[in-house]
$ cat input_36.txt   # compact mmCIF, C-alpha atoms and all ligand atoms
# COMPACT_ATOMS: atom_id res chain seq x y z
CA MET A 1 -33.14 -217.19 -49.63
CA ASN A 2 -36.80 -217.60 -50.53
CA SER A 3 -37.14 -221.21 -49.59
CA LEU A 4 -35.10 -223.59 -47.50
CA ALA A 5 -35.03 -227.39 -47.80
CA LEU A 6 -33.98 -229.58 -44.85
CA ARG A 7 -33.64 -233.32 -44.35
CA ARG A 8 -33.70 -235.50 -41.29
CA THR A 9 -30.38 -235.08 -39.46
CA LYS A 10 -28.77 -237.63 -37.18
CA ARG A 11 -27.06 -235.32 -34.74
CA LEU A 12 -25.46 -231.89 -34.41
CA THR A 13 -21.91 -231.44 -33.15
CA GLY A 14 -19.47 -228.54 -32.90
CA GLU A 15 -19.07 -224.99 -31.71
CA VAL A 16 -20.77 -221.87 -33.02
CA THR A 17 -21.57 -218.28 -32.17
CA VAL A 18 -24.88 -216.63 -33.05
CA PRO A 19 -25.48 -213.03 -34.21
CA GLY A 20 -25.83 -210.20 -31.68
CA ASP A 21 -28.87 -209.76 -29.48
CA LYS A 22 -31.67 -208.04 -31.38
CA SER A 23 -33.27 -206.32 -28.38
CA ILE A 24 -29.93 -204.91 -27.20
CA SER A 25 -28.96 -203.90 -30.75
CA HIS A 26 -32.11 -201.72 -31.13
CA ARG A 27 -31.50 -200.12 -27.74
CA ALA A 28 -27.78 -199.47 -28.36
CA LEU A 29 -28.73 -197.29 -31.34
CA ILE A 30 -31.66 -195.51 -29.70
CA LEU A 31 -30.01 -194.80 -26.34
CA GLY A 32 -26.61 -194.20 -27.96
CA ALA A 33 -28.28 -191.45 -30.03
CA LEU A 34 -28.94 -189.60 -26.76
CA ALA A 35 -25.46 -190.06 -25.25
CA GLN A 36 -23.17 -187.13 -24.56
CA GLY A 37 -20.14 -188.27 -26.54
CA GLY A 38 -18.92 -191.07 -28.78
CA ASN A 39 -20.32 -194.63 -28.63
CA ARG A 40 -18.36 -197.72 -29.73
CA ILE A 41 -20.37 -200.90 -30.03
CA SER A 42 -19.23 -204.25 -31.41
CA GLY A 43 -21.28 -207.41 -31.89
CA TRP A 44 -24.20 -205.36 -33.23
CA LEU A 45 -26.82 -207.34 -35.16
CA ALA A 46 -27.12 -206.24 -38.79
CA ALA A 47 -30.47 -207.84 -39.65
CA GLY A 48 -33.77 -206.70 -41.15
CA ASP A 49 -35.27 -205.42 -37.90
CA THR A 50 -32.23 -203.62 -36.52
CA LEU A 51 -31.24 -202.13 -39.90
CA ALA A 52 -34.64 -200.38 -39.75
CA THR A 53 -33.59 -198.79 -36.44
CA LEU A 54 -30.22 -197.83 -37.94
CA GLY A 55 -32.05 -196.04 -40.78
CA ALA A 56 -34.37 -194.34 -38.28
CA VAL A 57 -31.56 -193.02 -36.08
CA ARG A 58 -29.68 -191.75 -39.14
CA SER A 59 -32.82 -190.01 -40.38
CA LEU A 60 -32.93 -188.20 -37.02
CA GLY A 61 -29.59 -186.60 -37.84
CA ILE A 62 -27.24 -188.99 -36.00
CA ASP A 63 -24.24 -189.88 -38.13
CA VAL A 64 -23.80 -193.60 -37.41
CA GLN A 65 -20.79 -195.35 -38.94
CA TRP A 66 -21.12 -199.13 -39.38
CA ASP A 67 -18.21 -200.99 -40.98
CA GLY A 68 -19.58 -204.49 -40.45
CA GLU A 69 -17.59 -204.85 -37.21
CA GLU A 70 -18.28 -201.80 -35.09
CA LEU A 71 -20.89 -199.08 -34.74
CA VAL A 72 -19.21 -195.75 -34.07
CA PHE A 73 -21.33 -192.65 -33.50
CA SER A 74 -21.83 -189.66 -31.27
CA GLY A 75 -25.13 -188.91 -29.63
CA GLY A 76 -26.58 -185.43 -29.70
CA GLU A 77 -29.56 -183.25 -30.60
CA LEU A 78 -32.05 -185.07 -32.76
CA SER A 79 -33.24 -183.24 -35.87
CA THR A 80 -36.48 -183.28 -37.89
CA PRO A 81 -36.66 -186.29 -40.19
CA THR A 82 -37.36 -185.27 -43.79
CA GLU A 83 -39.61 -188.24 -44.51
CA ALA A 84 -41.58 -191.02 -42.80
CA ILE A 85 -39.48 -193.33 -40.63
CA HIS A 86 -39.97 -196.85 -41.95
CA CYS A 87 -39.74 -199.56 -39.28
CA ALA A 88 -40.15 -202.52 -41.69
CA ASN A 89 -41.37 -205.53 -39.60
CA ALA A 90 -39.77 -204.31 -36.37
CA GLY A 91 -42.26 -203.86 -33.54
CA THR A 92 -39.45 -202.99 -31.13
CA ALA A 93 -38.21 -200.22 -33.45
CA MET A 94 -41.64 -198.66 -33.80
CA ARG A 95 -42.64 -198.82 -30.14
CA LEU A 96 -39.32 -197.61 -28.73
CA LEU A 97 -39.00 -194.86 -31.33
CA ALA A 98 -42.53 -193.67 -30.51
CA GLY A 99 -41.38 -193.21 -26.90
CA LEU A 100 -38.23 -191.39 -28.01
CA LEU A 101 -40.08 -189.09 -30.40
CA ALA A 102 -43.14 -188.28 -28.26
CA GLY A 103 -41.33 -185.53 -26.31
CA GLN A 104 -39.39 -183.89 -29.17
CA SER A 105 -39.95 -180.39 -30.50
CA PHE A 106 -40.52 -181.61 -34.07
CA SER A 107 -43.11 -183.77 -35.84
CA SER A 108 -42.41 -187.24 -37.15
CA LEU A 109 -44.24 -190.08 -38.82
CA LEU A 110 -43.62 -193.76 -37.96
CA ASP A 111 -44.72 -196.39 -40.43
CA GLY A 112 -43.92 -200.01 -41.25
CA SER A 113 -44.71 -203.05 -43.35
CA ASP A 114 -48.27 -204.37 -43.75
CA GLN A 115 -47.35 -206.94 -41.08
CA LEU A 116 -46.32 -204.22 -38.61
CA ARG A 117 -49.39 -202.11 -39.48
CA ARG A 118 -51.53 -205.00 -38.24
CA ARG A 119 -49.90 -205.04 -34.77
CA PRO A 120 -51.50 -203.15 -31.83
CA MET A 121 -50.08 -199.71 -31.07
CA SER A 122 -52.68 -198.46 -28.55
CA ARG A 123 -50.60 -200.16 -25.84
CA ILE A 124 -47.95 -197.45 -26.31
CA VAL A 125 -50.15 -194.61 -27.60
CA SER A 126 -52.33 -194.76 -24.48
CA PRO A 127 -49.58 -194.27 -21.81
CA LEU A 128 -47.72 -191.78 -24.01
CA ARG A 129 -50.91 -189.70 -24.33
CA GLN A 130 -51.28 -189.84 -20.55
CA MET A 131 -47.83 -188.22 -20.43
CA GLY A 132 -49.12 -185.45 -22.72
CA ALA A 133 -47.96 -186.80 -26.09
CA ALA A 134 -49.77 -185.63 -29.23
CA ILE A 135 -49.99 -188.82 -31.29
CA GLU A 136 -52.47 -189.57 -34.05
CA ASP A 137 -52.74 -193.28 -34.70
CA THR A 138 -54.70 -195.18 -37.32
CA GLU A 139 -57.42 -196.94 -35.36
CA GLY A 140 -54.94 -198.19 -32.80
CA HIS A 141 -52.33 -199.03 -35.42
CA ALA A 142 -49.48 -197.49 -37.44
CA PRO A 143 -48.94 -195.12 -39.17
CA LEU A 144 -48.34 -192.94 -36.11
CA HIS A 145 -48.12 -189.16 -36.55
CA ILE A 146 -46.23 -187.69 -33.61
CA HIS A 147 -46.45 -183.94 -32.96
CA PRO A 148 -44.34 -181.77 -30.63
CA ALA A 149 -45.44 -181.94 -27.00
CA GLN A 150 -44.22 -181.18 -23.49
CA LEU A 151 -44.45 -184.40 -21.48
CA SER A 152 -44.98 -185.00 -17.77
CA GLY A 153 -43.87 -188.11 -15.91
CA ILE A 154 -46.54 -190.65 -14.91
CA ARG A 155 -46.95 -193.70 -12.74
CA TYR A 156 -48.11 -196.37 -15.15
CA GLU A 157 -49.23 -199.91 -14.45
CA LEU A 158 -48.64 -202.03 -17.53
CA PRO A 159 -51.72 -204.09 -18.42
CA VAL A 160 -49.46 -206.76 -19.99
CA ALA A 161 -45.82 -207.62 -19.31
CA SER A 162 -44.25 -205.93 -22.33
CA ALA A 163 -40.69 -204.64 -22.51
CA GLN A 164 -41.56 -202.62 -25.57
CA VAL A 165 -44.28 -200.68 -23.74
CA LYS A 166 -42.12 -200.31 -20.59
CA SER A 167 -39.24 -199.02 -22.73
CA ALA A 168 -41.44 -196.60 -24.70
CA VAL A 169 -42.64 -195.01 -21.44
CA LEU A 170 -39.11 -194.85 -19.97
CA LEU A 171 -37.72 -193.30 -23.16
CA ALA A 172 -40.48 -190.68 -23.11
CA GLY A 173 -39.68 -190.20 -19.41
CA LEU A 174 -36.17 -189.02 -20.35
CA PHE A 175 -37.84 -185.96 -21.95
CA ALA A 176 -40.62 -185.46 -19.34
CA ASP A 177 -41.01 -183.12 -16.38
CA GLY A 178 -41.06 -185.07 -13.13
CA SER A 179 -40.24 -188.69 -12.50
CA THR A 180 -41.70 -191.64 -14.42
CA THR A 181 -42.63 -194.97 -12.83
CA VAL A 182 -43.62 -198.14 -14.67
CA ILE A 183 -45.05 -201.11 -12.78
CA GLU A 184 -44.91 -204.40 -14.59
CA PRO A 185 -47.06 -207.47 -13.98
CA GLY A 186 -44.29 -209.90 -14.95
CA PRO A 187 -40.51 -209.95 -15.51
CA SER A 188 -40.31 -208.58 -19.06
CA ARG A 189 -36.79 -208.18 -20.48
CA ASP A 190 -34.91 -205.39 -18.71
CA HIS A 191 -32.30 -204.39 -21.31
CA THR A 192 -33.47 -200.76 -21.37
CA GLU A 193 -33.06 -200.44 -17.61
CA ARG A 194 -29.63 -202.13 -17.63
CA MET A 195 -28.41 -199.92 -20.47
CA LEU A 196 -29.74 -196.74 -18.85
CA LEU A 197 -27.94 -197.70 -15.63
CA ALA A 198 -24.73 -198.52 -17.52
CA MET A 199 -24.99 -195.02 -19.06
CA GLY A 200 -25.21 -193.46 -15.59
CA THR A 201 -28.91 -192.60 -15.44
CA ALA A 202 -30.78 -192.23 -12.14
CA LEU A 203 -33.06 -195.25 -12.35
CA HIS A 204 -34.29 -197.50 -9.54
CA ARG A 205 -36.21 -200.75 -9.28
CA HIS A 206 -38.34 -201.76 -6.29
CA ASP A 207 -39.95 -205.15 -6.88
CA ARG A 208 -41.93 -204.63 -10.07
CA ALA A 209 -41.78 -200.81 -10.12
CA ILE A 210 -39.09 -199.04 -12.15
CA THR A 211 -38.59 -195.32 -11.57
CA LEU A 212 -36.66 -192.89 -13.71
CA GLU A 213 -35.86 -189.80 -11.64
CA SER A 214 -37.07 -186.37 -12.77
CA ASP A 215 -33.57 -185.23 -13.58
CA ALA A 216 -32.20 -188.53 -14.74
CA GLY A 217 -28.89 -186.92 -15.73
CA GLU A 218 -26.83 -186.99 -18.91
CA LEU A 219 -26.33 -190.31 -20.66
CA ALA A 220 -22.68 -191.38 -20.82
CA PRO A 221 -21.63 -192.96 -24.14
CA LEU A 222 -21.82 -196.72 -24.60
CA GLU A 223 -18.78 -198.88 -24.99
CA MET A 224 -19.78 -202.52 -25.18
CA HIS A 225 -19.78 -205.81 -27.04
CA ILE A 226 -23.32 -207.02 -27.66
CA PRO A 227 -23.63 -210.70 -26.68
CA GLY A 228 -25.11 -213.33 -29.00
CA ASP A 229 -28.90 -213.48 -29.02
CA LEU A 230 -30.21 -216.25 -26.76
CA SER A 231 -33.44 -216.14 -28.79
CA SER A 232 -31.39 -217.13 -31.88
CA ALA A 233 -29.31 -219.66 -29.93
CA ALA A 234 -32.64 -221.21 -28.89
CA PHE A 235 -33.11 -222.84 -32.30
CA VAL A 236 -29.69 -224.49 -32.16
CA LEU A 237 -30.24 -225.52 -28.53
CA VAL A 238 -33.57 -227.19 -29.21
CA ALA A 239 -32.31 -228.92 -32.36
CA ALA A 240 -29.39 -230.39 -30.38
CA ALA A 241 -31.60 -231.29 -27.40
CA CYS A 242 -33.97 -233.21 -29.70
CA LEU A 243 -31.27 -235.13 -31.62
CA PRO A 244 -29.71 -237.82 -29.38
CA GLY A 245 -25.92 -237.91 -29.57
CA SER A 246 -25.68 -234.17 -30.29
CA ASP A 247 -23.05 -232.10 -28.50
CA VAL A 248 -23.07 -228.39 -29.29
CA VAL A 249 -21.37 -225.37 -27.71
CA ILE A 250 -22.68 -221.85 -28.33
CA ARG A 251 -20.17 -219.19 -27.31
CA LYS A 252 -20.75 -215.68 -25.89
CA VAL A 253 -24.51 -215.68 -25.57
CA GLY A 254 -26.51 -213.15 -23.51
CA LEU A 255 -27.76 -214.77 -20.30
CA ASN A 256 -29.91 -211.99 -18.88
CA PRO A 257 -32.24 -213.77 -16.40
CA THR A 258 -35.30 -212.06 -17.91
CA ARG A 259 -34.51 -213.98 -21.11
CA THR A 260 -33.48 -217.43 -19.90
CA GLY A 261 -36.91 -219.04 -19.45
CA LEU A 262 -36.23 -221.55 -22.23
CA LEU A 263 -33.08 -222.83 -20.47
CA ASP A 264 -35.14 -223.55 -17.33
CA ILE A 265 -37.91 -225.20 -19.33
CA LEU A 266 -35.58 -227.39 -21.41
CA THR A 267 -33.72 -228.44 -18.26
CA ARG A 268 -37.06 -229.45 -16.69
CA MET A 269 -37.76 -231.42 -19.86
CA GLY A 270 -34.57 -233.39 -19.26
CA ALA A 271 -32.14 -231.62 -21.63
CA GLN A 272 -28.52 -231.44 -20.47
CA ILE A 273 -27.47 -227.79 -20.58
CA GLU A 274 -24.18 -226.56 -19.12
CA LEU A 275 -23.72 -222.87 -18.61
CA THR A 276 -20.31 -221.23 -18.22
CA PRO A 277 -20.63 -217.56 -17.30
CA SER A 278 -18.08 -215.07 -18.67
CA ASP A 279 -17.82 -211.29 -18.40
CA GLU A 280 -20.68 -208.76 -18.21
CA GLN A 281 -21.16 -206.43 -21.17
CA GLY A 282 -23.02 -203.12 -20.70
CA GLY A 283 -24.63 -204.62 -17.58
CA GLU A 284 -25.63 -207.80 -19.46
CA PRO A 285 -24.53 -211.24 -18.18
CA THR A 286 -22.88 -213.34 -20.90
CA GLY A 287 -21.58 -216.90 -21.14
CA ASP A 288 -21.18 -220.14 -23.10
CA LEU A 289 -23.81 -222.86 -23.39
CA ARG A 290 -23.24 -226.55 -24.02
CA VAL A 291 -26.16 -228.80 -24.83
CA THR A 292 -26.13 -232.55 -25.30
CA GLY A 293 -29.00 -234.48 -26.90
CA ASN A 294 -31.17 -236.73 -24.74
CA GLY A 295 -34.77 -237.84 -24.50
CA LEU A 296 -37.23 -235.10 -23.45
CA ARG A 297 -40.34 -235.25 -21.27
CA ALA A 298 -43.44 -233.03 -21.35
CA VAL A 299 -43.83 -230.02 -19.01
CA GLN A 300 -46.29 -227.31 -17.98
CA VAL A 301 -45.31 -223.76 -18.89
CA GLN A 302 -47.19 -220.78 -17.45
CA GLY A 303 -46.98 -217.48 -15.56
CA ASP A 304 -43.67 -215.59 -15.28
CA GLU A 305 -41.82 -218.32 -17.16
CA VAL A 306 -43.91 -217.53 -20.25
CA VAL A 307 -42.78 -213.89 -20.04
CA ARG A 308 -39.13 -215.01 -19.74
CA ALA A 309 -39.47 -217.28 -22.77
CA ILE A 310 -42.02 -215.39 -24.86
CA ASP A 311 -40.05 -215.43 -28.13
CA GLU A 312 -39.00 -219.05 -27.61
CA LEU A 313 -42.48 -220.56 -27.44
CA PRO A 314 -42.61 -221.44 -31.18
CA ILE A 315 -39.40 -223.47 -30.90
CA LEU A 316 -40.52 -224.89 -27.56
CA ALA A 317 -43.59 -226.25 -29.37
CA VAL A 318 -41.22 -228.11 -31.71
CA ALA A 319 -39.33 -229.58 -28.72
CA ALA A 320 -42.67 -230.62 -27.21
CA THR A 321 -43.52 -232.70 -30.30
CA GLN A 322 -40.52 -234.89 -29.35
CA ALA A 323 -41.23 -235.02 -25.59
CA HIS A 324 -43.01 -237.89 -23.83
CA GLY A 325 -46.42 -236.73 -22.60
CA GLU A 326 -48.60 -233.65 -22.89
CA THR A 327 -46.89 -230.25 -22.83
CA VAL A 328 -49.28 -227.48 -21.80
CA ILE A 329 -48.39 -223.84 -22.54
CA SER A 330 -50.80 -221.33 -20.99
CA ASP A 331 -50.90 -217.59 -20.07
CA ALA A 332 -49.41 -216.90 -23.50
CA ALA A 333 -52.18 -214.93 -25.26
CA GLU A 334 -49.53 -212.30 -26.16
CA LEU A 335 -48.34 -214.75 -28.81
CA ARG A 336 -51.39 -213.79 -30.86
CA VAL A 337 -50.08 -210.24 -31.43
CA LYS A 338 -46.50 -211.05 -32.41
CA GLU A 339 -45.25 -210.86 -36.03
CA VAL A 340 -48.13 -213.27 -36.80
CA ASP A 341 -50.63 -215.01 -34.55
CA ARG A 342 -48.02 -217.41 -33.17
CA ILE A 343 -50.58 -219.72 -31.58
CA SER A 344 -52.62 -220.42 -34.67
CA ARG A 345 -49.70 -220.31 -37.15
CA VAL A 346 -47.37 -222.51 -35.09
CA ALA A 347 -50.14 -225.04 -34.49
CA GLY A 348 -51.28 -224.92 -38.13
CA GLU A 349 -47.83 -225.37 -39.69
CA LEU A 350 -46.60 -228.02 -37.20
CA ARG A 351 -49.81 -230.00 -37.76
CA LYS A 352 -48.93 -230.16 -41.47
CA LEU A 353 -45.73 -231.96 -40.37
CA GLY A 354 -47.77 -234.44 -38.34
CA ALA A 355 -47.61 -232.83 -34.87
CA GLU A 356 -50.48 -233.25 -32.43
CA ILE A 357 -51.27 -229.73 -31.24
CA GLU A 358 -54.43 -228.34 -29.77
CA GLU A 359 -54.85 -224.57 -29.94
CA LYS A 360 -56.09 -222.76 -26.79
CA PRO A 361 -57.05 -219.07 -26.50
CA ASP A 362 -53.90 -218.47 -24.41
CA GLY A 363 -51.59 -221.26 -25.50
CA MET A 364 -51.22 -224.77 -26.87
CA ILE A 365 -51.35 -228.40 -25.76
CA ILE A 366 -48.81 -230.55 -27.58
CA SER A 367 -48.75 -234.36 -27.32
CA GLY A 368 -45.62 -236.33 -27.96
CA PRO A 369 -43.52 -237.90 -29.06
CA THR A 370 -44.66 -237.76 -32.69
CA ARG A 371 -42.75 -238.77 -35.80
CA LEU A 372 -42.80 -235.68 -37.99
CA ARG A 373 -43.01 -236.07 -41.79
CA GLY A 374 -41.44 -233.54 -44.15
CA VAL A 375 -43.84 -231.45 -46.30
CA ALA A 376 -43.98 -227.84 -47.54
CA VAL A 377 -44.68 -225.33 -44.76
CA SER A 378 -44.47 -221.53 -44.56
CA SER A 379 -42.95 -218.96 -42.23
CA HIS A 380 -45.88 -216.66 -43.07
CA GLY A 381 -43.32 -213.86 -42.96
CA ASP A 382 -42.39 -214.56 -39.32
CA HIS A 383 -38.65 -215.16 -38.72
CA ARG A 384 -39.11 -217.23 -35.57
CA LEU A 385 -41.81 -219.42 -37.11
CA GLY A 386 -39.53 -219.99 -40.13
CA MET A 387 -36.63 -221.10 -37.89
CA ALA A 388 -38.84 -223.26 -35.66
CA LEU A 389 -40.11 -225.07 -38.77
CA ALA A 390 -36.57 -225.49 -40.04
CA VAL A 391 -35.61 -227.25 -36.80
CA ALA A 392 -38.72 -229.42 -37.14
CA GLY A 393 -37.42 -230.24 -40.64
CA LEU A 394 -34.22 -231.67 -39.13
CA LEU A 395 -36.35 -234.03 -37.02
CA ALA A 396 -38.83 -235.02 -39.75
CA GLU A 397 -38.66 -237.94 -42.12
CA GLY A 398 -37.96 -237.01 -45.74
CA GLU A 399 -37.62 -233.43 -46.88
CA THR A 400 -39.18 -230.28 -45.44
CA PHE A 401 -39.51 -227.09 -47.49
CA ILE A 402 -39.82 -223.77 -45.73
CA GLU A 403 -41.52 -221.15 -47.88
CA GLN A 404 -40.95 -217.42 -47.24
CA ALA A 405 -37.67 -218.36 -45.58
CA HIS A 406 -36.24 -214.89 -46.31
CA SER A 407 -37.99 -213.59 -43.19
CA ILE A 408 -35.37 -215.47 -41.12
CA ASP A 409 -33.01 -212.61 -42.01
CA ASP A 410 -35.08 -210.28 -39.81
CA SER A 411 -33.17 -211.60 -36.80
CA PHE A 412 -30.71 -214.37 -37.76
CA PRO A 413 -28.75 -213.82 -40.97
CA GLY A 414 -26.62 -216.94 -41.55
CA PHE A 415 -29.09 -219.24 -39.76
CA ALA A 416 -28.90 -222.03 -42.37
CA GLN A 417 -25.09 -221.83 -42.54
CA THR A 418 -24.84 -222.04 -38.74
CA LEU A 419 -26.95 -225.22 -38.68
CA ALA A 420 -25.05 -226.66 -41.66
CA ARG A 421 -21.72 -226.08 -39.83
CA LEU A 422 -23.02 -228.32 -37.04
CA GLY A 423 -23.91 -231.07 -39.49
CA ALA A 424 -27.53 -230.26 -40.38
CA GLU A 425 -28.73 -231.61 -43.73
CA ILE A 426 -29.69 -228.42 -45.56
CA SER A 427 -29.92 -227.64 -49.27
C1 LIG B 501 -38.89 -207.12 -27.24
C2 LIG B 501 -39.93 -207.38 -26.38
C3 LIG B 501 -40.88 -208.48 -26.55
C4 LIG B 501 -40.37 -209.49 -27.56
C5 LIG B 501 -39.80 -208.85 -28.79
C6 LIG B 501 -38.63 -207.95 -28.43
C7 LIG B 501 -37.99 -205.99 -26.96
O1 LIG B 501 -42.08 -207.95 -27.02
O2 LIG B 501 -41.41 -210.38 -27.91
O3 LIG B 501 -39.35 -209.82 -29.70
O4 LIG B 501 -36.89 -205.91 -27.53
O5 LIG B 501 -38.37 -205.14 -26.14
P1 LIG B 501 -43.20 -207.33 -26.03
O6 LIG B 501 -42.64 -206.13 -25.40
O7 LIG B 501 -44.37 -207.00 -26.92
O8 LIG B 501 -43.51 -208.43 -25.06
$ encode --input "input_36.txt" --output "structure tokens" --more "lines below"
Ligand code: S3P
Amino acid sequence: MNSLALRRTKRLTGEVTVPGDKSISHRALILGALAQGGNRISGWLAAGDTLATLGAVRSLGIDVQWDGEELVFSGGELSTPTEAIHCANAGTAMRLLAGLLAGQSFSSLLDGSDQLRRRPMSRIVSPLRQMGAAIEDTEGHAPLHIHPAQLSGIRYELPVASAQVKSAVLLAGLFADGSTTVIEPGPSRDHTERMLLAMGTALHRHDRAITLESDAGELAPLEMHIPGDLSSAAFVLVAAACLPGSDVVIRKVGLNPTRTGLLDILTRMGAQIELTPSDEQGGEPTGDLRVTGNGLRAVQVQGDEVVRAIDELPILAVAATQAHGETVISDAAELRVKEVDRISRVAGELRKLGAEIEEKPDGMIISGPTRLRGVAVSSHGDHRLGMALAVAGLLAEGETFIEQAHSIDDSFPGFAQTLARLGAEIS
């Protein structure tokens, strides 16, 4: 799917599920590789980013079976990879694997696409070096050459709220002498901590400090169903919230409170969202969401809420184009180092559709409501930008073409079909 064409859609109705959570899918492979015994994981996301992690774990000697339904594999000793580990566009894969590999007794090389090579890696290289890791980077970027090293635990204050950095340090901590503490400035997603706890590890949280004990213990195998990705559900939610008369149910979505910022923001904007909790899976709260379309009003988004909605800010910008008033997103400078600079690219592409967006160093100001007009826009190789633009295409007059739409498969294979099932006009 190299391009995607969408037309203005009246409303969305029906029930869908979305593919498995990307963050949890990466972690299930990486932590499962260290488990003592056999893991069984269903609901795993088979998409560009997570398939890179699957390849990486296999190249470390772990025999992972994936039949399209279930991942079945035993953890164990990792072995020397025979070639460079290619992380494609997946920042999570590269940063978490760097933490895993820093304390091994063999060398490895982590590399990725040109897009990933542009993303900052000093944020993980610096704390890992403080632990004693021997990592050669490329001026703060990938490729990363990782050499054998004996690590020691540290107490590390994260300069930015980043789950990838926190997880890299905790993963390295599993192979370090002494305990490891990470202090975070904001509530970044805590899937690594929940999974480590579900696997029986000695890990504690006190306010914003997470400590992995010196002898964290063996990791019990994982048996879980990975919930649907709320970050993927977000596109469906916003589309339905912006199209009056819509009524959509999304079943079995992950509702981890470190991820639900968008639900709080949309509710403040006036969207009707009903949440029905179901069972926990691997320590992760799960449930169904129902959203009905209504008028939206502008809001201010800043601070911890930004951290809890960081991947949803591109689609929030689309919602803001339909809201009455001025939506101000601040404290979001991290958006500039995502797959692309998500402040300048989101503003640039939405402006082509007629949106009124002012770019700020740490966010955006969006005025609404505006009537969007369909034109050709590009994902610039960023899955979430591609999907945000597609939703804008459902709201815009005429036809919207999304170029480089293939990048959507990095996190949400079947995105267009899911929207079409709900009545979206897609060709
Ligand atoms: C992720 C953490 C976030 C998020 C990314 C996935 C993870 O990145 O934006 O999509 O799975 O740990 P940062 O850790 O850089 O904030």
$ residues_near_ligand --input "input_36.txt" --ligand "ligand LIG 501 (chain B)" --cutoff "7 Å" --atoms "all atoms listed in the file" --output "MDAnalysis selection string"
chainID A and resid 22:23 92 161:165 188:189 310:311 338
$ closest_atom_pairs --input "input_36.txt" --of "range 167-201 of chain A" --to "range 211-226 of chain A" --cutoff "8 Å" --atoms "all atoms listed in the file" --output "Markdown table"
| residue | atom | partner | partner_atom | distance |
| --- | --- | --- | --- | --- |
| A:Leu170 | CA | A:Leu212 | CA | 7.0 |
| A:Gly173 | CA | A:Leu212 | CA | 7.0 |
| A:Leu174 | CA | A:Ala216 | CA | 6.9 |
| A:Ala176 | CA | A:Ser214 | CA | 7.5 |
| A:Asp177 | CA | A:Ser214 | CA | 6.3 |
| A:Gly178 | CA | A:Ser214 | CA | 4.2 |
| A:Ser179 | CA | A:Ser214 | CA | 3.9 |
| A:Thr180 | CA | A:Leu212 | CA | 5.2 |
| A:Thr181 | CA | A:Thr211 | CA | 4.2 |
| A:Val182 | CA | A:Thr211 | CA | 6.5 |
| A:Leu196 | CA | A:Leu219 | CA | 7.5 |
| A:Ala198 | CA | A:Leu222 | CA | 7.9 |
| A:Met199 | CA | A:Ala220 | CA | 4.7 |
| A:Gly200 | CA | A:Leu219 | CA | 6.1 |
| A:Thr201 | CA | A:Ala216 | CA | 5.3 |
$ residues_around --input "input_36.txt" --residues "Phe415 in chain A" --least-positions-apart "5" --cutoff "10 Å" --atoms "only C-alpha atoms" --output "number ranges by chain"
A: 18-19, 232-233, 235-236, 387, 390, 408-409, 420
$ atom_distance --input "input_36.txt" --atom1 "CA of Ser122 in chain A" --atom2 "CA of Gln150 in chain A"
19.9 Å
$ closest_residue --input "input_36.txt" --among "A:Met121, A:Leu71, A:Leu100, A:Ala241" --to "Glu139 in chain A" --atoms "only C-alpha atoms"
A:Met121
$ closest_residue --input "input_36.txt" --among "A:Ile365, A:Leu34, A:Leu422, A:Ala168" --to "Leu97 in chain A" --atoms "only C-alpha atoms"
A:Ala168
$ atom_distance --input "input_36.txt" --atom1 "CA of Ala332 in chain A" --atom2 "CA of Val291 in chain A"
26.2 Å
$ atom_distance --input "input_36.txt" --atom1 "CA of Glu397 in chain A" --atom2 "CA of Gln417 in chain A"
21.1 Å
$ closest_residue --input "input_36.txt" --among "A:Ser231, A:Gln130, A:Gln281, A:Ser167" --to "Ile154 in chain A" --atoms "all atoms listed in the file"
A:Gln130
$ residues_around --input "input_36.txt" --residues "Cys242 in chain A" --least-positions-apart "3" --cutoff "8 Å" --atoms "only C-alpha atoms" --output "NGL selection string"
:A and (238-239 or 293-296 or 319 or 322 or 395)
$ closest_residue --input "input_36.txt" --among "A:His204, A:Arg118, A:Arg297, A:Arg129" --to "Gly103 in chain A" --atoms "all atoms listed in the file"
A:Arg129
$ closest_residue --input "input_36.txt" --among "A:Ile366, A:Leu262, A:Ala355, A:Ala133" --to "Gly325 in chain A" --atoms "only C-alpha atoms"
A:Ile366
$ closest_residue --input "input_36.txt" --among "A:Val391, A:Leu316, A:Leu45, A:Val377" --to "Ala416 in chain A" --atoms "only C-alpha atoms"
A:Val391
$ residues_around --input "input_36.txt" --residues "Leu4 in chain A" --least-positions-apart "3" --cutoff "8 Å" --atoms "only C-alpha atoms" --output "PDB file with C-alpha atoms, in the frame of the given file"
ATOM      1  CA  MET A   1     -33.140-217.190 -49.630  1.00  0.00           C
ATOM      2  CA  ALA A 390     -36.570-225.490 -40.040  1.00  0.00           C
ATOM      3  CA  PHE A 401     -39.510-227.090 -47.490  1.00  0.00           C
ATOM      4  CA  ILE A 402     -39.820-223.770 -45.730  1.00  0.00           C
ATOM      5  CA  GLU A 403     -41.520-221.150 -47.880  1.00  0.00           C
ATOM      6  CA  ALA A 405     -37.670-218.360 -45.580  1.00  0.00           C
ATOM      7  CA  ILE A 426     -29.690-228.420 -45.560  1.00  0.00           C
ATOM      8  CA  SER A 427     -29.920-227.640 -49.270  1.00  0.00           C
TER       9      SER A 427
END
